[in-house]
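S.K.: One file is attached below, target-v4.cif, containing mmCIF, C-alpha atoms (C1' of nucleotides).
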```cif
data_target
loop_
_atom_site.label_atom_id
_atom_site.label_comp_id
_atom_site.auth_asym_id
_atom_site.auth_seq_id
_atom_site.Cartn_x
_atom_site.Cartn_y
_atom_site.Cartn_z
CA MET A 1 -17.44 106.49 162.67
CA ASN A 2 -13.95 105.51 161.73
CA LEU A 3 -13.84 102.17 159.91
CA LEU A 4 -10.32 101.56 161.15
CA LEU A 5 -11.30 101.87 164.81
CA GLU A 6 -14.27 99.58 164.19
CA ASN A 7 -11.90 97.04 162.73
CA ILE A 8 -9.48 97.24 165.61
CA ALA A 9 -12.41 96.84 168.02
CA LYS A 10 -13.12 93.42 166.51
CA HIS A 11 -9.88 92.12 167.97
CA VAL A 12 -8.81 94.33 170.89
CA SER A 13 -10.66 96.96 172.90
CA LEU A 14 -9.06 100.38 173.18
CA THR A 15 -9.74 103.15 175.67
CA SER A 16 -10.74 106.48 174.19
CA GLU A 17 -7.24 107.87 174.79
CA GLU A 18 -5.79 104.95 172.88
CA LYS A 19 -8.23 105.57 170.05
CA GLN A 20 -7.08 109.18 170.01
CA ARG A 21 -3.47 108.02 169.68
CA VAL A 22 -4.42 105.89 166.68
CA LEU A 23 -6.23 108.79 165.03
CA ALA A 24 -3.37 111.15 165.77
CA PHE A 25 -0.91 108.80 164.10
CA THR A 26 -2.91 108.20 160.94
CA GLU A 27 -3.92 110.41 158.05
CA ILE A 28 -6.80 110.28 155.59
CA GLN A 29 -6.25 110.72 151.86
CA HIS A 30 -8.43 110.67 148.76
CA TYR A 31 -7.18 109.34 145.45
CA LYS A 32 -8.76 109.01 142.05
CA ALA A 33 -8.64 105.92 139.86
CA LYS A 34 -5.26 105.02 138.34
CA THR A 35 -3.26 106.93 140.93
CA ILE A 36 -0.10 104.99 141.64
CA LEU A 37 0.73 105.04 145.35
CA LEU A 38 3.88 102.95 145.15
CA LYS A 39 6.25 101.89 142.38
CA GLU A 40 8.80 99.13 142.03
CA GLY A 41 12.13 100.20 143.50
CA GLU A 42 10.58 102.62 145.95
CA ILE A 43 10.44 102.18 149.70
CA CYS A 44 6.95 101.54 151.03
CA THR A 45 6.81 104.14 153.78
CA HIS A 46 3.10 103.73 154.56
CA SER A 47 0.59 100.96 154.74
CA PHE A 48 -2.86 101.75 153.43
CA PHE A 49 -6.19 100.96 155.05
CA VAL A 50 -8.99 101.31 152.51
CA THR A 51 -12.22 102.96 153.67
CA LYS A 52 -13.77 103.55 150.22
CA GLY A 53 -12.97 102.34 146.71
CA ILE A 54 -10.56 99.61 145.61
CA LEU A 55 -6.76 99.36 145.45
CA ARG A 56 -4.55 96.62 144.11
CA SER A 57 -0.92 95.57 144.34
CA TYR A 58 1.06 93.87 141.61
CA ASN A 59 4.55 93.19 140.36
CA ILE A 60 5.84 93.36 136.79
CA ASP A 61 8.07 90.45 135.78
CA GLU A 62 11.13 90.54 133.51
CA ASN A 63 8.91 90.06 130.44
CA GLY A 64 6.78 93.06 131.38
CA VAL A 65 3.87 90.92 132.51
CA GLU A 66 1.81 92.19 135.45
CA HIS A 67 0.91 89.79 138.28
CA VAL A 68 -1.77 90.92 140.73
CA VAL A 69 -0.71 90.13 144.28
CA SER A 70 -3.77 91.44 146.09
CA PHE A 71 -6.91 93.53 145.91
CA ALA A 72 -8.05 95.72 148.80
CA CYS A 73 -11.58 96.97 149.29
CA PRO A 74 -13.02 98.84 152.30
CA GLY A 75 -11.85 97.30 155.56
CA TRP A 76 -8.66 95.84 154.07
CA TRP A 77 -5.01 96.82 154.43
CA ILE A 78 -2.59 96.88 151.55
CA ALA A 79 1.18 97.46 151.39
CA ASP A 80 4.37 95.99 150.02
CA MET A 81 5.00 94.08 153.22
CA TYR A 82 8.60 93.24 152.40
CA SER A 83 9.46 96.85 151.72
CA PHE A 84 7.32 98.26 154.52
CA LEU A 85 8.84 96.01 157.16
CA SER A 86 12.44 96.20 156.00
CA GLN A 87 12.29 99.79 154.71
CA ARG A 88 14.19 98.66 151.64
CA PRO A 89 13.19 99.12 147.98
CA GLY A 90 10.41 96.73 147.02
CA GLN A 91 9.16 95.15 143.82
CA LEU A 92 5.46 95.94 144.11
CA TYR A 93 3.26 98.59 142.59
CA ILE A 94 0.20 99.79 144.47
CA GLU A 95 -2.46 101.39 142.33
CA VAL A 96 -5.95 102.79 142.81
CA ASN A 97 -8.45 100.67 140.92
CA GLU A 98 -11.49 102.76 141.80
CA GLU A 99 -11.60 106.24 143.34
CA ALA A 100 -10.68 105.66 146.94
CA GLU A 101 -10.49 106.99 150.48
CA VAL A 102 -7.55 105.61 152.37
CA ILE A 103 -6.12 105.82 155.89
CA LEU A 104 -2.32 106.05 155.84
CA LEU A 105 -0.11 104.69 158.59
CA SER A 106 3.61 105.34 158.28
CA LYS A 107 6.15 102.74 159.38
CA GLU A 108 7.49 105.27 161.84
CA ASN A 109 4.10 105.86 163.42
CA GLN A 110 3.30 102.18 163.48
CA ASP A 111 6.45 101.55 165.49
CA LYS A 112 5.52 104.35 167.86
CA LEU A 113 2.02 102.96 168.21
CA TYR A 114 3.37 99.53 169.12
CA ASN A 115 5.11 101.14 172.08
CA GLU A 116 2.41 103.60 173.10
CA VAL A 117 -0.50 101.20 172.61
CA PRO A 118 0.86 97.69 173.16
CA LYS A 119 -2.57 96.18 172.50
CA LEU A 120 -1.99 96.99 168.86
CA GLU A 121 0.84 94.51 168.85
CA ARG A 122 -1.87 91.88 169.20
CA PHE A 123 -4.17 93.50 166.67
CA PHE A 124 -1.53 93.54 163.95
CA ARG A 125 -0.32 90.07 164.86
CA ILE A 126 -3.81 88.73 164.24
CA LEU A 127 -4.11 90.64 160.96
CA ILE A 128 -0.82 89.25 159.73
CA GLU A 129 -1.73 85.75 160.87
CA ASN A 130 -4.89 85.90 158.78
CA SER A 131 -2.98 87.30 155.88
CA LEU A 132 -0.42 84.51 156.11
CA VAL A 133 -3.10 81.83 156.19
CA ALA A 134 -4.85 83.31 153.13
CA ASN A 135 -1.58 83.60 151.30
CA GLN A 136 -0.55 80.04 152.06
CA GLN A 137 -3.93 78.83 150.88
CA ARG A 138 -3.48 80.67 147.61
CA LEU A 139 -0.09 79.05 147.12
CA ILE A 140 -1.54 75.60 147.75
CA ASP A 141 -4.40 76.34 145.37
CA ASN A 142 -2.00 77.39 142.63
CA LEU A 143 -0.08 74.14 143.03
CA SER A 144 -3.11 71.87 143.43
CA PHE A 145 -5.83 73.18 141.14
CA THR A 146 -6.45 73.96 137.47
CA ALA A 147 -7.12 77.53 136.34
CA GLU A 148 -10.82 76.67 136.13
CA ALA A 149 -11.01 75.56 139.75
CA ARG A 150 -9.04 78.59 140.87
CA TYR A 151 -11.45 80.89 139.01
CA ASP A 152 -14.33 79.14 140.68
CA LYS A 153 -12.80 79.64 144.12
CA PHE A 154 -12.07 83.27 143.31
CA THR A 155 -15.65 84.11 142.32
CA LYS A 156 -16.94 82.48 145.49
CA LYS A 157 -14.44 84.19 147.75
CA TYR A 158 -14.74 87.64 146.18
CA LYS A 159 -18.42 87.59 145.17
CA GLU A 160 -18.95 91.37 145.25
CA LEU A 161 -15.51 92.31 144.00
CA VAL A 162 -15.66 90.20 140.83
CA HIS A 163 -18.11 92.57 139.14
CA CYS A 164 -15.93 95.61 139.80
CA LEU A 165 -12.71 94.23 138.36
CA PRO A 166 -11.49 94.17 134.76
CA GLN A 167 -11.17 90.61 133.47
CA LYS A 168 -7.48 90.91 132.88
CA GLN A 169 -6.90 91.65 136.54
CA ILE A 170 -8.86 88.58 137.57
CA ALA A 171 -6.95 86.54 134.99
CA SER A 172 -3.69 87.87 136.40
CA TYR A 173 -4.72 87.11 139.99
CA ILE A 174 -5.54 83.49 139.26
CA GLY A 175 -2.38 83.20 137.17
CA VAL A 176 -3.41 82.94 133.51
CA THR A 177 -3.27 85.21 130.45
CA PRO A 178 -6.32 87.32 129.53
CA GLU A 179 -6.63 85.32 126.28
CA PHE A 180 -6.76 82.00 128.07
CA PHE A 181 -9.10 83.43 130.66
CA SER A 182 -11.46 84.52 127.91
CA LYS A 183 -11.36 81.09 126.27
CA MET A 184 -11.96 79.44 129.63
CA LYS A 185 -15.01 81.58 130.41
CA ALA A 186 -16.52 80.80 126.99
CA ARG A 187 -15.99 77.09 127.71
CA LEU A 188 -17.68 77.44 131.12
CA LEU A 189 -20.72 79.13 129.56
CA LYS A 190 -21.39 76.16 127.32
CA LYS A 191 -21.80 73.90 130.33
CA MET B 1 21.57 76.22 175.79
CA ASN B 2 18.07 76.24 174.48
CA LEU B 3 17.90 77.15 170.77
CA LEU B 4 14.40 78.48 171.19
CA LEU B 5 15.45 81.00 173.86
CA GLU B 6 18.40 82.05 171.70
CA ASN B 7 15.99 82.66 168.88
CA ILE B 8 13.62 84.69 170.98
CA ALA B 9 16.56 86.74 172.24
CA LYS B 10 17.22 87.91 168.68
CA HIS B 11 13.99 89.89 168.73
CA VAL B 12 13.00 90.60 172.34
CA SER B 13 14.91 90.30 175.63
CA LEU B 14 13.35 88.24 178.37
CA THR B 15 14.08 88.22 182.10
CA SER B 16 15.08 84.88 183.56
CA GLU B 17 11.62 84.43 185.06
CA GLU B 18 10.12 84.98 181.64
CA LYS B 19 12.51 82.44 180.17
CA GLN B 20 11.37 80.01 182.84
CA ARG B 21 7.76 80.56 181.80
CA VAL B 22 8.63 79.75 178.22
CA LEU B 23 10.42 76.57 179.22
CA ALA B 24 7.60 75.56 181.54
CA PHE B 25 5.09 75.91 178.71
CA THR B 26 7.04 73.93 176.13
CA GLU B 27 8.01 70.31 175.84
CA ILE B 28 10.85 68.53 174.04
CA GLN B 29 10.26 65.47 171.88
CA HIS B 30 12.40 63.21 169.72
CA TYR B 31 11.09 61.64 166.54
CA LYS B 32 12.61 59.33 163.99
CA ALA B 33 12.43 59.78 160.25
CA LYS B 34 9.03 59.27 158.60
CA THR B 35 7.07 59.91 161.78
CA ILE B 36 3.90 61.76 160.87
CA LEU B 37 3.14 64.48 163.41
CA LEU B 38 -0.03 65.76 161.77
CA LYS B 39 -2.45 64.43 159.16
CA GLU B 40 -5.04 66.04 156.92
CA GLY B 41 -8.34 66.42 158.75
CA GLU B 42 -6.73 66.63 162.17
CA ILE B 43 -6.54 69.72 164.34
CA CYS B 44 -3.05 71.11 164.69
CA THR B 45 -2.83 71.41 168.47
CA HIS B 46 0.89 72.23 168.63
CA SER B 47 3.39 74.19 166.65
CA PHE B 48 6.82 72.67 166.30
CA PHE B 49 10.16 74.38 166.74
CA VAL B 50 12.93 72.25 165.27
CA THR B 51 16.19 71.99 167.23
CA LYS B 52 17.68 69.03 165.33
CA GLY B 53 16.81 67.25 162.08
CA ILE B 54 14.37 68.27 159.38
CA LEU B 55 10.56 68.33 159.14
CA ARG B 56 8.31 69.19 156.23
CA SER B 57 4.67 70.07 155.67
CA TYR B 58 2.65 69.20 152.60
CA ASN B 59 -0.86 68.73 151.31
CA ILE B 60 -2.19 65.98 149.07
CA ASP B 61 -4.46 67.18 146.26
CA GLU B 62 -7.55 65.46 144.87
CA ASN B 63 -5.37 63.47 142.42
CA GLY B 64 -3.22 62.16 145.25
CA VAL B 65 -0.29 64.41 144.37
CA GLU B 66 1.82 65.73 147.25
CA HIS B 67 2.75 69.44 147.34
CA VAL B 68 5.46 70.49 149.79
CA VAL B 69 4.44 73.66 151.60
CA SER B 70 7.55 74.11 153.72
CA PHE B 71 10.68 72.58 155.13
CA ALA B 72 11.88 73.25 158.66
CA CYS B 73 15.44 72.76 159.84
CA PRO B 74 16.93 73.73 163.22
CA GLY B 75 15.80 77.18 164.29
CA TRP B 76 12.56 77.07 162.25
CA TRP B 77 8.95 76.72 163.27
CA ILE B 78 6.47 74.54 161.43
CA ALA B 79 2.71 74.06 161.82
CA ASP B 80 -0.50 74.04 159.85
CA MET B 81 -1.10 77.71 160.58
CA TYR B 82 -4.71 77.67 159.47
CA SER B 83 -5.57 74.76 161.70
CA PHE B 84 -3.36 75.88 164.59
CA LEU B 85 -4.87 79.37 164.71
CA SER B 86 -8.47 78.40 164.12
CA GLN B 87 -8.30 75.04 165.93
CA ARG B 88 -10.29 73.53 163.06
CA PRO B 89 -9.33 70.49 160.95
CA GLY B 90 -6.58 71.35 158.49
CA GLN B 91 -5.40 70.02 155.16
CA LEU B 92 -1.69 69.68 155.87
CA TYR B 93 0.51 66.77 156.81
CA ILE B 94 3.61 67.36 158.91
CA GLU B 95 6.25 64.68 158.63
CA VAL B 96 9.75 64.07 159.93
CA ASN B 97 12.21 64.09 157.05
CA GLU B 98 15.28 63.32 159.15
CA GLU B 99 15.44 62.12 162.74
CA ALA B 100 14.57 65.20 164.76
CA GLU B 101 14.44 66.92 168.11
CA VAL B 102 11.52 69.28 168.39
CA ILE B 103 10.14 71.76 170.92
CA LEU B 104 6.36 71.60 171.12
CA LEU B 105 4.17 74.56 171.99
CA SER B 106 0.46 73.92 172.32
CA LYS B 107 -2.08 76.50 171.16
CA GLU B 108 -3.37 76.65 174.71
CA ASN B 109 0.05 77.40 176.16
CA GLN B 110 0.82 79.89 173.44
CA ASP B 111 -2.31 81.84 174.33
CA LYS B 112 -1.32 81.73 178.00
CA LEU B 113 2.18 82.89 177.14
CA TYR B 114 0.83 85.87 175.23
CA ASN B 115 -0.85 86.99 178.43
CA GLU B 116 1.89 86.09 180.89
CA VAL B 117 4.78 87.30 178.75
CA PRO B 118 3.38 90.07 176.54
CA LYS B 119 6.79 90.58 174.90
CA LEU B 120 6.17 87.32 173.06
CA GLU B 121 3.31 89.00 171.28
CA ARG B 122 6.02 91.01 169.50
CA PHE B 123 8.28 88.01 168.98
CA PHE B 124 5.60 85.99 167.26
CA ARG B 125 4.37 89.00 165.31
CA ILE B 126 7.83 89.41 163.83
CA LEU B 127 8.10 85.68 163.06
CA ILE B 128 4.79 85.73 161.25
CA GLU B 129 5.69 88.90 159.40
CA ASN B 130 8.81 87.22 158.06
CA SER B 131 6.87 84.15 157.19
CA LEU B 132 4.29 86.22 155.30
CA VAL B 133 6.96 88.04 153.32
CA ALA B 134 8.67 84.78 152.36
CA ASN B 135 5.38 83.23 151.40
CA GLN B 136 4.34 86.19 149.28
CA GLN B 137 7.68 86.09 147.53
CA ARG B 138 7.19 82.44 146.71
CA LEU B 139 3.78 83.18 145.25
CA ILE B 140 5.22 85.94 143.08
CA ASP B 141 8.06 83.66 141.99
CA ASN B 142 5.62 80.93 140.99
CA LEU B 143 3.68 83.40 138.86
CA SER B 144 6.71 85.19 137.38
CA PHE B 145 9.41 82.59 136.79
CA THR B 146 9.97 79.34 134.93
CA ALA B 147 10.66 76.12 136.82
CA GLU B 148 14.34 76.50 136.00
CA ALA B 149 14.57 79.97 137.58
CA ARG B 150 12.63 78.77 140.62
CA TYR B 151 15.04 75.87 141.06
CA ASP B 152 17.93 78.27 140.81
CA LYS B 153 16.44 80.51 143.51
CA PHE B 154 15.73 77.48 145.68
CA THR B 155 19.29 76.18 145.59
CA LYS B 156 20.62 79.63 146.48
CA LYS B 157 18.17 80.17 149.31
CA TYR B 158 18.47 76.68 150.82
CA LYS B 159 22.14 75.98 150.06
CA GLU B 160 22.70 73.51 152.90
CA LEU B 161 19.26 71.94 152.81
CA VAL B 162 19.36 71.00 149.12
CA HIS B 163 21.80 68.16 149.72
CA CYS B 164 19.66 66.64 152.46
CA LEU B 165 16.41 66.50 150.51
CA PRO B 166 15.15 63.86 148.10
CA GLN B 167 14.79 65.29 144.61
CA LYS B 168 11.09 64.64 144.46
CA GLN B 169 10.55 66.87 147.47
CA ILE B 170 12.48 69.68 145.84
CA ALA B 171 10.53 69.13 142.63
CA SER B 172 7.30 69.31 144.60
CA TYR B 173 8.36 72.47 146.41
CA ILE B 174 9.15 74.32 143.21
CA GLY B 175 5.95 73.00 141.66
CA VAL B 176 6.95 70.42 139.01
CA THR B 177 6.80 66.62 138.68
CA PRO B 178 9.86 64.54 139.59
CA GLU B 179 10.14 63.45 135.94
CA PHE B 180 10.25 66.98 134.65
CA PHE B 181 12.64 67.94 137.42
CA SER B 182 14.99 65.18 136.39
CA LYS B 183 14.85 66.23 132.74
CA MET B 184 15.47 69.84 133.72
CA LYS B 185 18.53 68.97 135.79
CA ALA B 186 20.00 66.94 132.91
CA ARG B 187 19.45 69.94 130.64
CA LEU B 188 21.18 72.25 133.14
CA LEU B 189 24.22 69.96 133.34
CA LYS B 190 24.83 70.27 129.61
CA LYS B 191 25.22 74.03 129.95
"C1'" DA C 1 23.94 39.00 151.32
"C1'" DT C 2 19.31 39.09 149.24
"C1'" DC C 3 14.83 40.63 148.27
"C1'" DA C 4 11.65 44.47 148.37
"C1'" DT C 5 10.65 49.12 148.19
"C1'" DT C 6 11.42 53.56 147.07
"C1'" DT C 7 13.89 56.96 144.25
"C1'" DC C 8 15.77 58.63 140.06
"C1'" DT C 9 16.24 58.78 135.07
"C1'" DT C 10 15.05 58.56 130.16
"C1'" DA C 11 12.00 58.70 126.46
"C1'" DA C 12 7.62 58.92 123.87
"C1'" DT C 13 3.42 61.10 123.83
"C1'" DC C 14 -0.03 64.44 125.37
"C1'" DT C 15 -2.29 68.80 127.13
"C1'" DA C 16 -3.17 73.05 129.80
"C1'" DG C 17 -2.20 77.14 129.03
"C1'" DG C 18 0.87 80.63 126.33
"C1'" DT C 19 1.76 83.38 122.10
"C1'" DT C 20 0.70 85.87 118.15
"C1'" DA C 21 -2.43 88.21 115.51
"C1'" DA C 22 -6.48 90.51 114.27
"C1'" DG C 23 -11.16 92.42 114.83
"C1'" DG C 24 -14.84 94.53 117.67
"C1'" DA C 25 -16.54 97.13 121.63
"C1'" DG C 26 -16.19 100.37 124.89
"C1'" DT C 27 -13.65 104.65 127.02
"C1'" DT C 28 -11.34 108.94 127.11
"C1'" DC C 29 -9.38 112.87 125.15
"C1'" DT C 30 -9.53 116.69 121.96
"C1'" DA D 1 -17.99 113.41 116.56
"C1'" DG D 2 -13.68 111.29 115.50
"C1'" DA D 3 -8.90 109.78 116.92
"C1'" DA D 4 -6.48 107.09 120.03
"C1'" DC D 5 -6.55 103.98 123.77
"C1'" DT D 6 -7.52 100.11 126.34
"C1'" DC D 7 -10.24 95.94 126.97
"C1'" DC D 8 -12.24 91.70 125.46
"C1'" DT D 9 -12.78 87.89 122.31
"C1'" DT D 10 -11.69 84.34 118.85
"C1'" DA D 11 -8.69 81.39 116.43
"C1'" DA D 12 -4.41 79.18 114.76
"C1'" DC D 13 -0.36 77.64 116.31
"C1'" DC D 14 3.28 76.70 119.95
"C1'" DT D 15 5.66 75.06 124.27
"C1'" DA D 16 6.59 74.16 129.21
"C1'" DG D 17 5.63 70.88 131.76
"C1'" DA D 18 2.45 66.50 132.69
"C1'" DT D 19 1.60 61.67 131.95
"C1'" DT D 20 2.71 56.99 131.14
"C1'" DA D 21 5.81 53.46 131.10
"C1'" DA D 22 9.91 50.99 131.96
"C1'" DG D 23 14.51 50.31 133.47
"C1'" DA D 24 18.51 51.58 136.69
"C1'" DA D 25 20.16 52.89 141.10
"C1'" DA D 26 19.91 53.49 145.75
"C1'" DT D 27 17.97 52.35 150.41
"C1'" DG D 28 16.16 49.43 153.72
"C1'" DA D 29 14.41 45.23 155.88
"C1'" DT D 30 15.14 40.30 156.92
#
```
Represent the structure from my file as structure tokens, please.

M.R.:
Amino acid sequence: MNLLLENIAKHVSLTSEEKQRVLAFTEIQHYKAKTILLKEGEICTHSFFVTKGILRSYNIDENGVEHVVSFACPGWWIADMYSFLSQRPGQLYIEVNEEAEVILLSKENQDKLYNEVPKLERFFRILIENSLVANQQRLIDNLSFTAEARYDKFTKKYKELVHCLPQKQIASYIGVTPEFFSKMKARLLKK
Amino acid sequence: MNLLLENIAKHVSLTSEEKQRVLAFTEIQHYKAKTILLKEGEICTHSFFVTKGILRSYNIDENGVEHVVSFACPGWWIADMYSFLSQRPGQLYIEVNEEAEVILLSKENQDKLYNEVPKLERFFRILIENSLVANQQRLIDNLSFTAEARYDKFTKKYKELVHCLPQKQIASYIGVTPEFFSKMKARLLKK
DNA sequence: ATCATTTCTTAATCTAGGTTAAGGAGTTCT
DNA sequence: AGAACTCCTTAACCTAGATTAAGAAATGAT
């Protein structure tokens, strides 16, 4: 069955017509590793719901350094929220980490869905609420903890993911350079 | 007129009965400076909509250092979103910065309002979307920019607020110590 | 007005994490 | 299989920002 509908069912229950509307408004795509779905300066016209594989979003700062904003594995959404909501050029890249199957929902269709299936208003509200809470927690963690503690939290939170990600992406996510990350891990092993 | 209703009107239009429901479910309170509305470990039972004055939220890390999570001036909401949504003990403090008038909305009443006035589902979704975007931007800024650039962004974004806040709170918000903040400002003046 | 408390500043010293550089270990392409 | 990448590690050196300490300035309470 459709992972997206399963996910929606966790928060609101749709009739079969409503489910049909959702399916009609979305589109499935397959991408291989390293495909770039969105670049800085582009408008994020779709949000992506991952059903297989892994995606990630990141920005590149003025010194050319990449900062991972989020990872998305099956069951997760990913988008440049600023750009998607405002339909203005964004600063994020979205790239396929591992060969992926993705459900696409365009901004246009999402707006239509809100009107045709009002229950989805609640579904997406809850998603965004959870996203906000996670994001705020990450901010607090960055301000409150050392890189070591943040790494520790990361491995606990993303147990399965950790093994699938290149070190430099983990380093970037927790906010340190790959060199420091490497040094830190060596230090942790000695303990 | 009621600032809250004005604010809602920017995103959805309510009938007068619906407005009455909103008013019936909220409550106005006045607090003087330094009143603590929420402490770490407590459950955040209400979210606060500021109509006068200034509030702020912060956490205290394991070394006793305070990190400002957000400021709220008239027209803004503030709460410990994690605790408010989950109704579990949170880690944030919410404190009155400057004598304030606040509209309180309990979690219970918010849930009732979602059902009685479904349009509010959209209103709060949009609020949270904006909040998420702002929060994500702050995360990116913390990872991408120096303290100086973050301060610069802060003063531009919160032009009016800056003058009303103690320096140490601004320092905390941008993620540096008051001592470093002071040194940085002196350096900027020389330029 | 005066004392107490909190806030801000300056300066010396320290450190978590960054930078630069260079070598090794996989990958991927031809 | 070898060239060309990209990834990971180690090590020496560097710096943005933290820490500690102490005085000055502002705010508040009596």

S.K.: Please tabulate, as CSV, the residues of chain D that come within 9 Å of chain A, each with its closest pair of atoms and the distance in Å to one decimal, counting all atoms listed in the file and ordering rows by chain, then residue number upward.

M.R.:
```
residue,atom,partner,partner_atom,distance
D:DC7,C1',A:Pro166,CA,8.1
D:DC8,C1',A:Ser182,CA,7.6
D:DT9,C1',A:Ser182,CA,6.7
D:DT10,C1',A:Lys183,CA,8.1
```

S.K.: Write out as a PyMOL selection string the residues lying within 8 Å of Gln29 of chain A, counting only C-alpha atoms (C1' of nucleotides) and excluding same-chain residues fewer than 6 positions away.

M.R.: chain A and resi 101-104

S.K.: Do you have the atom C1' of DA12 of chain C-atom C1' of DT20 of chain D distance handy?

M.R.: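 Result for atom C1' of DA12 of chain C versus atom C1' of DT20 of chain D: 9.0 Å, one decimal.
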
S.K.: Taking the file as shown, find all residues satisfying the PyMOL selection byres ((chain B) within 6 of (chain A)) and write them as a PyMOL selection string.

M.R.: chain B and resi 61+82+125+132-133+139+144

S.K.: Could you check the closest approach to chain C for each of B:Ser13, B:Phe181, B:Thr45, B:Leu189 and tell me which residue wins, using all atoms listed in the file?

M.R.: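 Of all the options, B:Phe181 lies closest to chain C.
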
S.K.: Can you translate the PyMOL selection byres ((chain C) within 12 of (chain B)) into the concrete residues it hits in this file, as an MDAnalysis selection string?

M.R.: chainID C and resid 6:11
